[in-house]
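As stored in final.cif (mmCIF, C-alpha atoms):
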```cif
data_work
loop_
_atom_site.label_atom_id
_atom_site.label_comp_id
_atom_site.auth_asym_id
_atom_site.auth_seq_id
_atom_site.Cartn_x
_atom_site.Cartn_y
_atom_site.Cartn_z
CA MET A 7 -172.26 90.64 -80.48
CA PRO A 8 -170.15 93.27 -82.32
CA ARG A 9 -170.06 96.63 -80.58
CA PHE A 10 -170.25 98.73 -83.77
CA GLU A 11 -172.74 98.40 -86.61
CA ARG A 12 -170.52 99.87 -89.33
CA SER A 13 -166.89 100.89 -88.93
CA VAL A 14 -164.61 102.54 -91.47
CA LEU A 15 -160.81 102.43 -91.27
CA LEU A 16 -159.08 105.20 -93.23
CA TYR A 17 -155.35 105.00 -93.87
CA ASN A 18 -152.88 106.79 -96.09
CA GLY A 19 -151.56 104.62 -98.89
CA ALA A 20 -149.25 107.43 -99.98
CA ALA A 21 -147.17 106.78 -96.87
CA GLY A 22 -145.76 103.71 -98.60
CA ALA A 23 -145.96 99.97 -98.29
CA SER A 24 -144.94 100.08 -94.63
CA THR A 25 -148.28 101.67 -93.71
CA SER A 26 -150.30 98.81 -95.20
CA GLU A 27 -147.91 96.23 -93.83
CA THR A 28 -148.25 97.56 -90.27
CA VAL A 29 -151.75 99.01 -90.04
CA LEU A 30 -153.68 96.20 -91.65
CA PRO A 31 -152.29 93.10 -89.89
CA LEU A 32 -151.95 94.82 -86.51
CA ALA A 33 -155.18 96.82 -86.29
CA VAL A 34 -157.74 95.05 -88.49
CA PRO A 35 -158.28 91.86 -86.42
CA ALA A 36 -159.51 93.80 -83.37
CA LEU A 37 -161.57 96.26 -85.44
CA ALA A 38 -163.20 93.41 -87.38
CA ARG A 39 -164.09 91.60 -84.17
CA ALA A 40 -165.84 94.70 -82.83
CA SER A 41 -167.67 95.59 -86.05
CA LYS A 42 -170.65 94.01 -87.76
CA LYS A 43 -169.33 95.55 -90.96
CA LEU A 44 -165.79 96.93 -91.41
CA GLU A 45 -164.76 98.88 -94.50
CA LEU A 46 -161.10 99.61 -95.28
CA VAL A 47 -160.43 102.76 -97.29
CA GLN A 48 -156.98 103.60 -98.61
CA THR A 49 -156.35 107.15 -99.82
CA HIS A 50 -153.39 108.64 -101.68
CA SER A 51 -153.77 112.39 -101.15
CA LYS A 52 -155.13 114.88 -98.67
CA GLU A 53 -158.05 115.59 -101.00
CA GLU A 54 -158.92 111.90 -101.25
CA PHE A 55 -158.72 111.58 -97.49
CA GLU A 56 -161.05 114.54 -96.93
CA GLU A 57 -163.58 113.13 -99.39
CA ALA A 58 -163.38 109.69 -97.79
CA CYS A 59 -164.07 111.28 -94.37
CA LYS A 60 -167.17 113.00 -95.73
CA ILE A 61 -168.47 109.79 -97.31
CA ALA A 62 -167.79 107.74 -94.17
CA ALA A 63 -169.54 110.31 -91.99
CA ASP A 64 -172.81 109.70 -93.84
CA SER A 65 -173.23 106.10 -92.73
CA ALA A 66 -170.50 104.94 -90.32
CA ASP A 67 -171.07 104.97 -86.57
CA VAL A 68 -167.30 104.93 -85.93
CA LEU A 69 -164.40 106.19 -88.03
CA PHE A 70 -160.92 104.83 -87.29
CA VAL A 71 -158.09 106.97 -88.65
CA ALA A 72 -154.62 105.45 -88.94
CA GLY A 73 -151.89 108.04 -89.22
CA GLY A 74 -149.98 110.79 -87.51
CA ASP A 75 -150.91 114.24 -86.29
CA GLY A 76 -151.31 115.65 -89.81
CA THR A 77 -153.73 112.89 -90.78
CA VAL A 78 -155.77 113.39 -87.60
CA HIS A 79 -155.75 117.16 -88.24
CA THR A 80 -157.23 116.61 -91.70
CA ALA A 81 -159.97 114.36 -90.30
CA VAL A 82 -160.82 116.98 -87.66
CA GLN A 83 -161.27 119.63 -90.39
CA VAL A 84 -164.04 117.51 -91.88
CA LEU A 85 -165.65 116.14 -88.72
CA SER A 86 -165.72 119.46 -86.85
CA SER A 87 -167.74 120.99 -89.68
CA LEU A 88 -170.53 118.42 -89.35
CA GLU A 89 -173.63 118.73 -87.21
CA LYS A 90 -173.38 115.05 -86.28
CA ALA A 91 -170.05 113.31 -86.85
CA PRO A 92 -169.28 109.63 -86.33
CA ILE A 93 -167.24 108.57 -83.31
CA LEU A 94 -163.52 109.03 -84.03
CA GLY A 95 -160.82 106.54 -83.06
CA ILE A 96 -157.12 107.37 -83.55
CA LEU A 97 -154.74 104.57 -84.49
CA PRO A 98 -151.31 106.22 -84.06
CA SER A 99 -148.90 105.48 -86.89
CA GLY A 100 -147.07 108.79 -87.40
CA THR A 101 -143.91 110.36 -86.01
CA CYS A 102 -145.17 112.06 -82.84
CA ASN A 103 -148.85 111.06 -82.43
CA ASP A 104 -149.33 113.87 -79.94
CA PHE A 105 -153.09 113.86 -79.46
CA ALA A 106 -153.10 110.08 -79.20
CA ARG A 107 -150.64 110.55 -76.32
CA THR A 108 -153.00 113.08 -74.72
CA LEU A 109 -155.76 110.47 -74.81
CA THR A 110 -153.34 107.79 -73.44
CA ILE A 111 -153.78 105.64 -76.54
CA PRO A 112 -150.95 103.07 -76.78
CA MET A 113 -148.35 103.73 -79.48
CA ALA A 114 -148.35 100.05 -80.56
CA LEU A 115 -151.06 99.65 -83.20
CA ASP A 116 -152.34 96.27 -82.02
CA ALA A 117 -152.60 97.48 -78.42
CA ALA A 118 -154.23 100.74 -79.58
CA ALA A 119 -156.88 98.86 -81.56
CA GLU A 120 -157.64 96.51 -78.66
CA GLU A 121 -157.96 99.34 -76.13
CA LEU A 122 -160.11 101.49 -78.41
CA ILE A 123 -162.66 98.81 -79.20
CA GLU A 124 -163.01 98.17 -75.45
CA GLY A 125 -162.75 101.86 -74.60
CA GLU A 126 -165.28 104.50 -73.68
CA VAL A 127 -166.74 107.24 -75.85
CA LYS A 128 -165.74 110.68 -74.53
CA GLU A 129 -166.84 114.12 -75.68
CA ILE A 130 -163.72 116.08 -76.67
CA ASP A 131 -163.27 119.78 -77.38
CA SER A 132 -161.89 121.09 -80.64
CA ALA A 133 -160.96 124.67 -81.48
CA ARG A 134 -161.98 126.86 -84.39
CA ILE A 135 -159.18 129.06 -85.78
CA ASN A 136 -160.27 131.48 -88.49
CA ASP A 137 -161.99 129.16 -91.01
CA HIS A 138 -160.26 125.97 -89.84
CA SER A 139 -160.06 123.72 -86.78
CA PHE A 140 -157.37 122.19 -84.61
CA LEU A 141 -157.42 119.48 -81.99
CA ASN A 142 -154.06 119.60 -80.21
CA PHE A 143 -152.40 123.04 -80.40
CA ALA A 144 -151.78 126.24 -82.32
CA GLY A 145 -148.37 127.89 -82.17
CA ILE A 146 -146.74 131.12 -83.31
CA GLY A 147 -143.05 132.02 -83.28
CA LEU A 148 -140.41 129.52 -82.21
CA ILE A 149 -142.58 126.43 -82.57
CA ALA A 150 -143.87 127.33 -86.04
CA ASP A 151 -140.35 128.19 -87.20
CA ALA A 152 -139.06 124.88 -85.86
CA SER A 153 -141.72 122.99 -87.85
CA LEU A 154 -140.82 124.88 -91.02
CA ASN A 155 -137.11 124.21 -90.51
CA ILE A 156 -137.36 120.44 -90.14
CA ASP A 157 -135.21 118.69 -92.73
CA PRO A 158 -137.37 115.94 -94.38
CA ASP A 159 -134.33 113.67 -94.67
CA LEU A 160 -133.60 114.07 -90.95
CA LYS A 161 -137.26 113.42 -90.14
CA ASP A 162 -137.17 110.16 -92.11
CA ARG A 163 -133.89 109.16 -90.47
CA TYR A 164 -134.39 110.29 -86.87
CA GLY A 165 -138.17 110.56 -86.49
CA LYS A 166 -139.23 112.54 -83.42
CA LEU A 167 -135.61 113.51 -82.64
CA SER A 168 -135.65 115.67 -85.76
CA TYR A 169 -138.14 118.00 -84.03
CA PHE A 170 -135.78 118.59 -81.11
CA MET A 171 -132.83 119.10 -83.49
CA SER A 172 -134.82 121.67 -85.46
CA ALA A 173 -136.01 123.43 -82.27
CA LEU A 174 -132.43 123.83 -81.01
CA GLN A 175 -131.26 125.20 -84.36
CA THR A 176 -134.24 127.56 -84.60
CA MET A 177 -133.74 128.80 -81.04
CA ARG A 178 -130.31 130.16 -81.96
CA GLN A 179 -131.87 132.28 -84.72
CA SER A 180 -135.10 133.27 -82.96
CA GLU A 181 -136.00 136.81 -81.92
CA ASN A 182 -138.75 138.17 -79.69
CA PHE A 183 -141.84 139.76 -81.19
CA SER A 184 -144.76 141.81 -79.87
CA ILE A 185 -147.92 139.88 -79.05
CA PHE A 186 -151.29 141.60 -78.85
CA MET A 187 -153.88 139.31 -77.31
CA GLU A 188 -157.49 139.46 -76.30
CA ILE A 189 -158.64 136.60 -74.06
CA ASP A 190 -162.35 136.56 -73.23
CA GLY A 191 -162.49 140.33 -73.63
CA VAL A 192 -159.35 141.14 -71.61
CA HIS A 193 -156.45 142.72 -73.53
CA TYR A 194 -152.78 141.82 -73.06
CA THR A 195 -149.59 143.11 -74.70
CA GLU A 196 -146.50 140.97 -74.25
CA GLU A 197 -143.10 140.29 -75.78
CA GLY A 198 -142.21 136.69 -76.47
CA ALA A 199 -140.44 134.11 -78.59
CA ALA A 200 -143.46 131.82 -78.90
CA VAL A 201 -147.18 131.63 -78.24
CA LEU A 202 -148.81 128.24 -77.64
CA ILE A 203 -152.56 127.65 -77.44
CA MET A 204 -153.03 124.12 -76.14
CA ASN A 205 -156.03 121.82 -76.10
CA GLY A 206 -153.92 118.67 -75.77
CA LYS A 207 -151.06 117.86 -73.40
CA SER A 208 -148.33 116.74 -75.83
CA ILE A 209 -146.16 118.54 -78.39
CA GLY A 210 -143.33 116.76 -80.18
CA THR A 211 -143.93 113.69 -77.94
CA HIS A 212 -143.19 115.81 -74.83
CA THR A 213 -146.14 115.54 -72.45
CA PHE A 214 -147.09 118.26 -69.99
CA PRO A 215 -149.19 116.67 -67.23
CA LEU A 216 -150.69 119.94 -66.03
CA SER A 217 -154.08 119.49 -64.45
CA THR A 218 -155.24 122.68 -66.20
CA ILE A 219 -154.76 121.17 -69.66
CA ASP A 220 -157.83 119.07 -70.30
CA PRO A 221 -159.26 118.55 -73.82
CA ALA A 222 -162.74 118.19 -72.36
CA ASP A 223 -162.95 121.20 -70.00
CA GLY A 224 -164.22 123.81 -72.47
CA LEU A 225 -161.04 125.91 -72.05
CA LEU A 226 -157.82 126.50 -73.95
CA ASP A 227 -154.47 127.00 -72.20
CA ILE A 228 -152.32 129.85 -73.52
CA PHE A 229 -148.57 129.95 -72.84
CA ILE A 230 -146.16 132.75 -73.73
CA ILE A 231 -142.48 131.74 -73.81
CA GLN A 232 -140.90 135.12 -73.19
CA THR A 233 -137.36 134.55 -74.52
CA PRO A 234 -135.59 132.05 -76.81
CA SER A 235 -133.12 131.33 -74.01
CA ILE A 236 -131.90 128.09 -72.51
CA ALA A 237 -133.45 129.19 -69.19
CA ALA A 238 -136.90 129.59 -70.82
CA ILE A 239 -136.66 126.26 -72.64
CA ARG A 240 -135.56 124.58 -69.40
CA GLU A 241 -138.62 126.03 -67.68
CA TRP A 242 -140.84 124.83 -70.52
CA PHE A 243 -139.62 121.27 -70.18
CA SER A 244 -139.89 121.49 -66.38
CA LEU A 245 -143.67 121.66 -66.82
CA SER A 246 -143.59 117.90 -67.34
CA GLN A 247 -142.92 117.60 -63.61
CA PRO A 248 -146.23 117.35 -61.70
CA ASP A 249 -145.05 119.60 -58.86
CA VAL A 250 -144.17 122.55 -61.16
CA SER A 251 -146.76 125.30 -61.61
CA PRO A 252 -146.54 127.66 -64.62
CA GLU A 253 -147.43 130.53 -62.29
CA GLU A 254 -144.10 130.01 -60.50
CA LEU A 255 -141.94 130.37 -63.63
CA ASP A 256 -139.89 133.44 -64.57
CA HIS A 257 -139.87 133.13 -68.37
CA ILE A 258 -143.34 131.73 -69.13
CA THR A 259 -146.78 133.24 -68.62
CA HIS A 260 -149.99 131.22 -68.58
CA HIS A 261 -153.62 132.09 -69.29
CA GLN A 262 -156.85 130.20 -69.93
CA GLY A 263 -159.78 131.22 -72.08
CA LYS A 264 -162.53 130.37 -74.53
CA HIS A 265 -162.21 133.15 -77.10
CA ILE A 266 -158.73 134.34 -78.11
CA VAL A 267 -157.60 136.93 -80.65
CA ILE A 268 -153.88 137.19 -81.45
CA ARG A 269 -152.24 139.90 -83.53
CA THR A 270 -148.58 140.52 -84.30
CA GLU A 271 -146.86 143.59 -85.76
CA ASN A 272 -145.85 141.63 -88.85
CA GLU A 273 -147.67 138.71 -90.44
CA MET A 274 -146.40 135.46 -88.92
CA ASP A 275 -146.88 131.76 -89.63
CA VAL A 276 -149.25 129.77 -87.42
CA ASP A 277 -148.67 126.07 -86.75
CA THR A 278 -151.84 124.05 -86.12
CA ASP A 279 -151.21 120.44 -85.05
CA GLY A 280 -147.93 120.48 -87.00
CA GLU A 281 -149.49 121.88 -90.19
CA ILE A 282 -148.60 125.40 -91.36
CA TYR A 283 -150.98 127.16 -93.73
CA LEU A 284 -152.37 130.04 -91.62
CA LYS A 285 -150.90 133.43 -90.73
CA THR A 286 -151.64 136.01 -88.06
CA PRO A 287 -153.94 137.61 -87.08
CA VAL A 288 -156.04 134.71 -85.81
CA THR A 289 -159.27 134.36 -83.89
CA ILE A 290 -159.60 131.15 -81.90
CA GLU A 291 -162.80 129.84 -80.33
CA ILE A 292 -163.17 126.70 -78.24
CA GLN A 293 -165.81 124.25 -79.50
CA PRO A 294 -166.83 122.41 -76.32
CA LYS A 295 -167.56 118.69 -76.65
CA LYS A 296 -167.48 118.97 -80.44
CA LEU A 297 -166.22 115.46 -81.16
CA GLU A 298 -167.01 112.04 -79.76
CA MET A 299 -163.81 110.03 -79.51
CA LEU A 300 -162.84 106.56 -78.37
CA VAL A 301 -160.41 106.60 -75.45
CA PRO A 302 -158.94 103.74 -73.41
CA ARG A 303 -160.66 102.93 -70.14
CA THR A 304 -158.77 103.76 -66.98
CA PRO A 305 -157.51 100.81 -64.90
CA GLU A 306 -160.28 101.54 -62.39
CA GLU A 307 -162.97 101.39 -65.10
CA THR A 308 -161.48 98.16 -66.47
CA ALA A 309 -161.53 96.57 -63.02
CA ILE A 310 -165.18 97.53 -62.48
CA SER A 311 -166.30 96.17 -65.87
#
```

Have the structure of the file written as structure tokens, please.
Amino acid sequence: MPRFERSVLLYNGAAGASTSETVLPLAVPALARASKKLELVQTHSKEEFEEACKIAADSADVLFVAGGDGTVHTAVQVLSSLEKAPILGILPSGTCNDFARTLTIPMALDAAAEELIEGEVKEIDSARINDHSFLNFAGIGLIADASLNIDPDLKDRYGKLSYFMSALQTMRQSENFSIFMEIDGVHYTEEGAAVLIMNGKSIGTHTFPLSTIDPADGLLDIFIIQTPSIAAIREWFSLSQPDVSPEELDHITHHQGKHIVIRTENEMDVDTDGEIYLKTPVTIEIQPKKLEMLVPRTPEETAIS
């Protein structure tokens, strides 16, 4: 008996023939086996993708999205605006696939499809930022500048390494700025090279296994990287070690909250899930349990079933 009544698989045809050649043969067999009816929808622009999401949301009980962080971000814009959205399943086929990593979805498409169709449905938080939404993170300063400075040719050639190359180049040119924050009614004024508001655990494929970062806890984690120095960046990457606490670091401050307002002296770019189209000031509000998403079962759950 198929698990899903009607499934829709959305994928980006504009990404080239390689997308169809990888997504379809690797993911479709498992999705078809789990679905009474499976519809494949290829789109060629962001506008087409948004419209396809809206149409699928009317009748599908599960929406599978094949793509990278930008594609998932676009889907979240549509689904977070709905009163009742279909279950979302991410099939990672982009450069970094950061939120898929947060949900421990395998990077191999065939394995991802198999684990999702056998997975559990989990209620996941999203965040509202001005008139938009994000799922993984919002960033100001160094991280937004690094995204803007990525050379498309290097991204095509080196993939995720291009993000690290851009970050190193940007760090040499970065300067501190004043940050005026309000977190759940408490005001803070800080100097920093970057502000990160995280719902997910991974940025640029680098995972931070902090117990405080949980996309289903109704809280956002706010990090201020205080200087664009090697020492600060070393501390940032040290957070991937389970025994390191952000409260012990010299160049990074950490907060948690539900309602965040950020202002800067001058208008600055804001990176949301790798997409840059917003500028400061921003108001960010957690949307607890906004989306239902398919996630792999833990080994313990698999053993029990």

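Residue neighbourhood of Lys295 in chain A, excluding near-sequence residues (fewer than 6 positions): A:Glu129, A:Ile130, A:Asp131, at 6 Å, using all atoms listed in the file.
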
Next item on the list: Pick out the closest residue to Ile268 in chain A from this set: A:Glu188, A:Glu281, A:Glu45, A:Glu196. Count all atoms listed in the file.
Entry: A:Glu188

Checklist line | Residue with smallest distance to Ala199 in chain A - pool A:Phe229, A:Phe214, A:Tyr17, A:Phe243, counting only C-alpha atoms | finding: A:Phe229

Tell me which residues the PyMOL selection byres ((chain A and resi 105) around 8) grabs here, as a PDB file with C-alpha atoms, in the frame of the given file.
```pdb
ATOM      1  CA  ASP A  75    -150.910 114.240 -86.290  1.00  0.00           C
ATOM      2  CA  ASN A 103    -148.850 111.060 -82.430  1.00  0.00           C
ATOM      3  CA  ASP A 104    -149.330 113.870 -79.940  1.00  0.00           C
ATOM      4  CA  ALA A 106    -153.100 110.080 -79.200  1.00  0.00           C
ATOM      5  CA  ARG A 107    -150.640 110.550 -76.320  1.00  0.00           C
ATOM      6  CA  THR A 108    -153.000 113.080 -74.720  1.00  0.00           C
ATOM      7  CA  LEU A 109    -155.760 110.470 -74.810  1.00  0.00           C
ATOM      8  CA  LEU A 141    -157.420 119.480 -81.990  1.00  0.00           C
ATOM      9  CA  ASN A 142    -154.060 119.600 -80.210  1.00  0.00           C
ATOM     10  CA  GLY A 206    -153.920 118.670 -75.770  1.00  0.00           C
ATOM     11  CA  LYS A 207    -151.060 117.860 -73.400  1.00  0.00           C
ATOM     12  CA  SER A 208    -148.330 116.740 -75.830  1.00  0.00           C
TER      13      SER A 208
END
```

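For the pair CA of Pro287 in chain A and CA of Leu148 in chain A, the separation is 16.5 Å.
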
Next item on the list: Would you kindly translate the PyMOL selection byres ((chain A and resi 233) around 7) into the concrete residues it picks from this file, as an MDAnalysis selection string?
Entry: chainID A and resid 182 198:199 231:232 234:235 238 257

Using the file's own x, y and z axes, what box holds all listed atoms of range 241-250 of chain A with 4 Å on each side, keeping edges along x, y and z, and what are its centre and edge lengths in Å to one decimal, as lines of an AutoDock Vina configuration file?
```
center_x = -142.4
center_y = 121.7
center_z = -64.7
size_x = 15.6
size_y = 16.7
size_z = 19.7
```

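Proximity of A:Asp220, A:Asp137, A:Glu253, A:Asp116 to Val84 in chain A, computed with all atoms listed in the file, is greatest for A:Asp137.
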
Check what the PyMOL selection byres ((chain A and resi 204) around 7) selects in the file above and give those residues as a PDB file with C-alpha atoms, in the frame of the given file.
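Wrote it out as out_7.pdb, contents follow:
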```pdb
ATOM      1  CA  ASN A 142    -154.060 119.600 -80.210  1.00  0.00           C
ATOM      2  CA  PHE A 143    -152.400 123.040 -80.400  1.00  0.00           C
ATOM      3  CA  ALA A 144    -151.780 126.240 -82.320  1.00  0.00           C
ATOM      4  CA  LEU A 202    -148.810 128.240 -77.640  1.00  0.00           C
ATOM      5  CA  ILE A 203    -152.560 127.650 -77.440  1.00  0.00           C
ATOM      6  CA  ASN A 205    -156.030 121.820 -76.100  1.00  0.00           C
ATOM      7  CA  GLY A 206    -153.920 118.670 -75.770  1.00  0.00           C
ATOM      8  CA  LEU A 226    -157.820 126.500 -73.950  1.00  0.00           C
ATOM      9  CA  ASP A 227    -154.470 127.000 -72.200  1.00  0.00           C
ATOM     10  CA  ILE A 228    -152.320 129.850 -73.520  1.00  0.00           C
TER      11      ILE A 228
END
```

Checklist line | Shell of 10 Å around Leu216 in chain A, all atoms listed in the file, local chain residues under 2 positions omitted, as a PyMOL selection string | finding: chain A and resi 207+213-214+218-220+245-252

Next item on the list: Write out as an MDAnalysis selection string which residues come within 6 Å of Ala91 in chain A when counting all atoms listed in the file, dropping same-chain ones fewer than 3 positions away.
Entry: chainID A and resid 63 85 88

Item checked: Å distance separating CA of Leu225 in chain A from CA of Gln262 in chain A, one decimal place -> 6.4 Å

Return range 191-216 of chain A, completed with N, CA and C atoms, as a PDB file, in the frame of the given file.
```pdb
ATOM      1  N   GLY A 191    -162.225 138.907 -73.802  1.00  0.00           N
ATOM      2  CA  GLY A 191    -162.490 140.330 -73.630  1.00  0.00           C
ATOM      3  C   GLY A 191    -161.438 141.118 -72.891  1.00  0.00           C
ATOM      4  N   VAL A 192    -160.423 140.459 -72.326  1.00  0.00           N
ATOM      5  CA  VAL A 192    -159.350 141.140 -71.610  1.00  0.00           C
ATOM      6  C   VAL A 192    -158.140 141.265 -72.529  1.00  0.00           C
ATOM      7  N   HIS A 193    -157.553 142.459 -72.606  1.00  0.00           N
ATOM      8  CA  HIS A 193    -156.450 142.720 -73.530  1.00  0.00           C
ATOM      9  C   HIS A 193    -155.093 142.589 -72.828  1.00  0.00           C
ATOM     10  N   TYR A 194    -154.135 142.002 -73.556  1.00  0.00           N
ATOM     11  CA  TYR A 194    -152.780 141.820 -73.060  1.00  0.00           C
ATOM     12  C   TYR A 194    -151.799 142.231 -74.166  1.00  0.00           C
ATOM     13  N   THR A 195    -150.693 142.841 -73.772  1.00  0.00           N
ATOM     14  CA  THR A 195    -149.590 143.110 -74.700  1.00  0.00           C
ATOM     15  C   THR A 195    -148.334 142.536 -74.071  1.00  0.00           C
ATOM     16  N   GLU A 196    -147.676 141.627 -74.792  1.00  0.00           N
ATOM     17  CA  GLU A 196    -146.500 140.970 -74.250  1.00  0.00           C
ATOM     18  C   GLU A 196    -145.433 140.857 -75.327  1.00  0.00           C
ATOM     19  N   GLU A 197    -144.208 140.624 -74.885  1.00  0.00           N
ATOM     20  CA  GLU A 197    -143.100 140.290 -75.780  1.00  0.00           C
ATOM     21  C   GLU A 197    -142.783 138.816 -75.558  1.00  0.00           C
ATOM     22  N   GLY A 198    -142.509 138.099 -76.636  1.00  0.00           N
ATOM     23  CA  GLY A 198    -142.210 136.690 -76.470  1.00  0.00           C
ATOM     24  C   GLY A 198    -141.555 136.085 -77.687  1.00  0.00           C
ATOM     25  N   ALA A 199    -141.031 134.877 -77.491  1.00  0.00           N
ATOM     26  CA  ALA A 199    -140.440 134.110 -78.590  1.00  0.00           C
ATOM     27  C   ALA A 199    -141.421 133.121 -79.169  1.00  0.00           C
ATOM     28  N   ALA A 200    -142.485 132.800 -78.418  1.00  0.00           N
ATOM     29  CA  ALA A 200    -143.460 131.820 -78.900  1.00  0.00           C
ATOM     30  C   ALA A 200    -144.765 131.986 -78.137  1.00  0.00           C
ATOM     31  N   VAL A 201    -145.855 131.720 -78.842  1.00  0.00           N
ATOM     32  CA  VAL A 201    -147.180 131.630 -78.240  1.00  0.00           C
ATOM     33  C   VAL A 201    -147.706 130.232 -78.521  1.00  0.00           C
ATOM     34  N   LEU A 202    -148.226 129.575 -77.490  1.00  0.00           N
ATOM     35  CA  LEU A 202    -148.810 128.240 -77.640  1.00  0.00           C
ATOM     36  C   LEU A 202    -150.224 128.247 -77.081  1.00  0.00           C
ATOM     37  N   ILE A 203    -151.177 127.808 -77.889  1.00  0.00           N
ATOM     38  CA  ILE A 203    -152.560 127.650 -77.440  1.00  0.00           C
ATOM     39  C   ILE A 203    -152.830 126.151 -77.449  1.00  0.00           C
ATOM     40  N   MET A 204    -153.010 125.568 -76.262  1.00  0.00           N
ATOM     41  CA  MET A 204    -153.030 124.120 -76.140  1.00  0.00           C
ATOM     42  C   MET A 204    -154.409 123.603 -75.724  1.00  0.00           C
ATOM     43  N   ASN A 205    -154.853 122.598 -76.469  1.00  0.00           N
ATOM     44  CA  ASN A 205    -156.030 121.820 -76.100  1.00  0.00           C
ATOM     45  C   ASN A 205    -155.597 120.448 -75.608  1.00  0.00           C
ATOM     46  N   GLY A 206    -154.497 119.942 -76.184  1.00  0.00           N
ATOM     47  CA  GLY A 206    -153.920 118.670 -75.770  1.00  0.00           C
ATOM     48  C   GLY A 206    -152.700 118.889 -74.888  1.00  0.00           C
ATOM     49  N   LYS A 207    -152.160 117.793 -74.365  1.00  0.00           N
ATOM     50  CA  LYS A 207    -151.060 117.860 -73.400  1.00  0.00           C
ATOM     51  C   LYS A 207    -149.689 117.598 -73.998  1.00  0.00           C
ATOM     52  N   SER A 208    -149.607 117.203 -75.281  1.00  0.00           N
ATOM     53  CA  SER A 208    -148.330 116.740 -75.830  1.00  0.00           C
ATOM     54  C   SER A 208    -147.966 117.517 -77.088  1.00  0.00           C
ATOM     55  N   ILE A 209    -146.700 117.927 -77.172  1.00  0.00           N
ATOM     56  CA  ILE A 209    -146.160 118.540 -78.390  1.00  0.00           C
ATOM     57  C   ILE A 209    -144.796 117.930 -78.650  1.00  0.00           C
ATOM     58  N   GLY A 210    -144.611 117.383 -79.835  1.00  0.00           N
ATOM     59  CA  GLY A 210    -143.330 116.760 -80.180  1.00  0.00           C
ATOM     60  C   GLY A 210    -142.986 115.604 -79.277  1.00  0.00           C
ATOM     61  N   THR A 211    -143.999 114.858 -78.833  1.00  0.00           N
ATOM     62  CA  THR A 211    -143.930 113.690 -77.940  1.00  0.00           C
ATOM     63  C   THR A 211    -143.652 114.088 -76.488  1.00  0.00           C
ATOM     64  N   HIS A 212    -143.455 115.376 -76.210  1.00  0.00           N
ATOM     65  CA  HIS A 212    -143.190 115.810 -74.830  1.00  0.00           C
ATOM     66  C   HIS A 212    -144.520 116.132 -74.160  1.00  0.00           C
ATOM     67  N   THR A 213    -144.843 115.405 -73.112  1.00  0.00           N
ATOM     68  CA  THR A 213    -146.140 115.540 -72.450  1.00  0.00           C
ATOM     69  C   THR A 213    -146.040 116.439 -71.235  1.00  0.00           C
ATOM     70  N   PHE A 214    -147.023 117.331 -71.111  1.00  0.00           N
ATOM     71  CA  PHE A 214    -147.090 118.260 -69.990  1.00  0.00           C
ATOM     72  C   PHE A 214    -148.287 117.886 -69.128  1.00  0.00           C
ATOM     73  N   PRO A 215    -148.079 117.174 -68.032  1.00  0.00           N
ATOM     74  CA  PRO A 215    -149.190 116.670 -67.230  1.00  0.00           C
ATOM     75  C   PRO A 215    -149.786 117.717 -66.304  1.00  0.00           C
ATOM     76  N   LEU A 216    -150.066 118.907 -66.842  1.00  0.00           N
ATOM     77  CA  LEU A 216    -150.690 119.940 -66.030  1.00  0.00           C
ATOM     78  C   LEU A 216    -152.171 119.645 -65.878  1.00  0.00           C
TER      79      LEU A 216
END
```
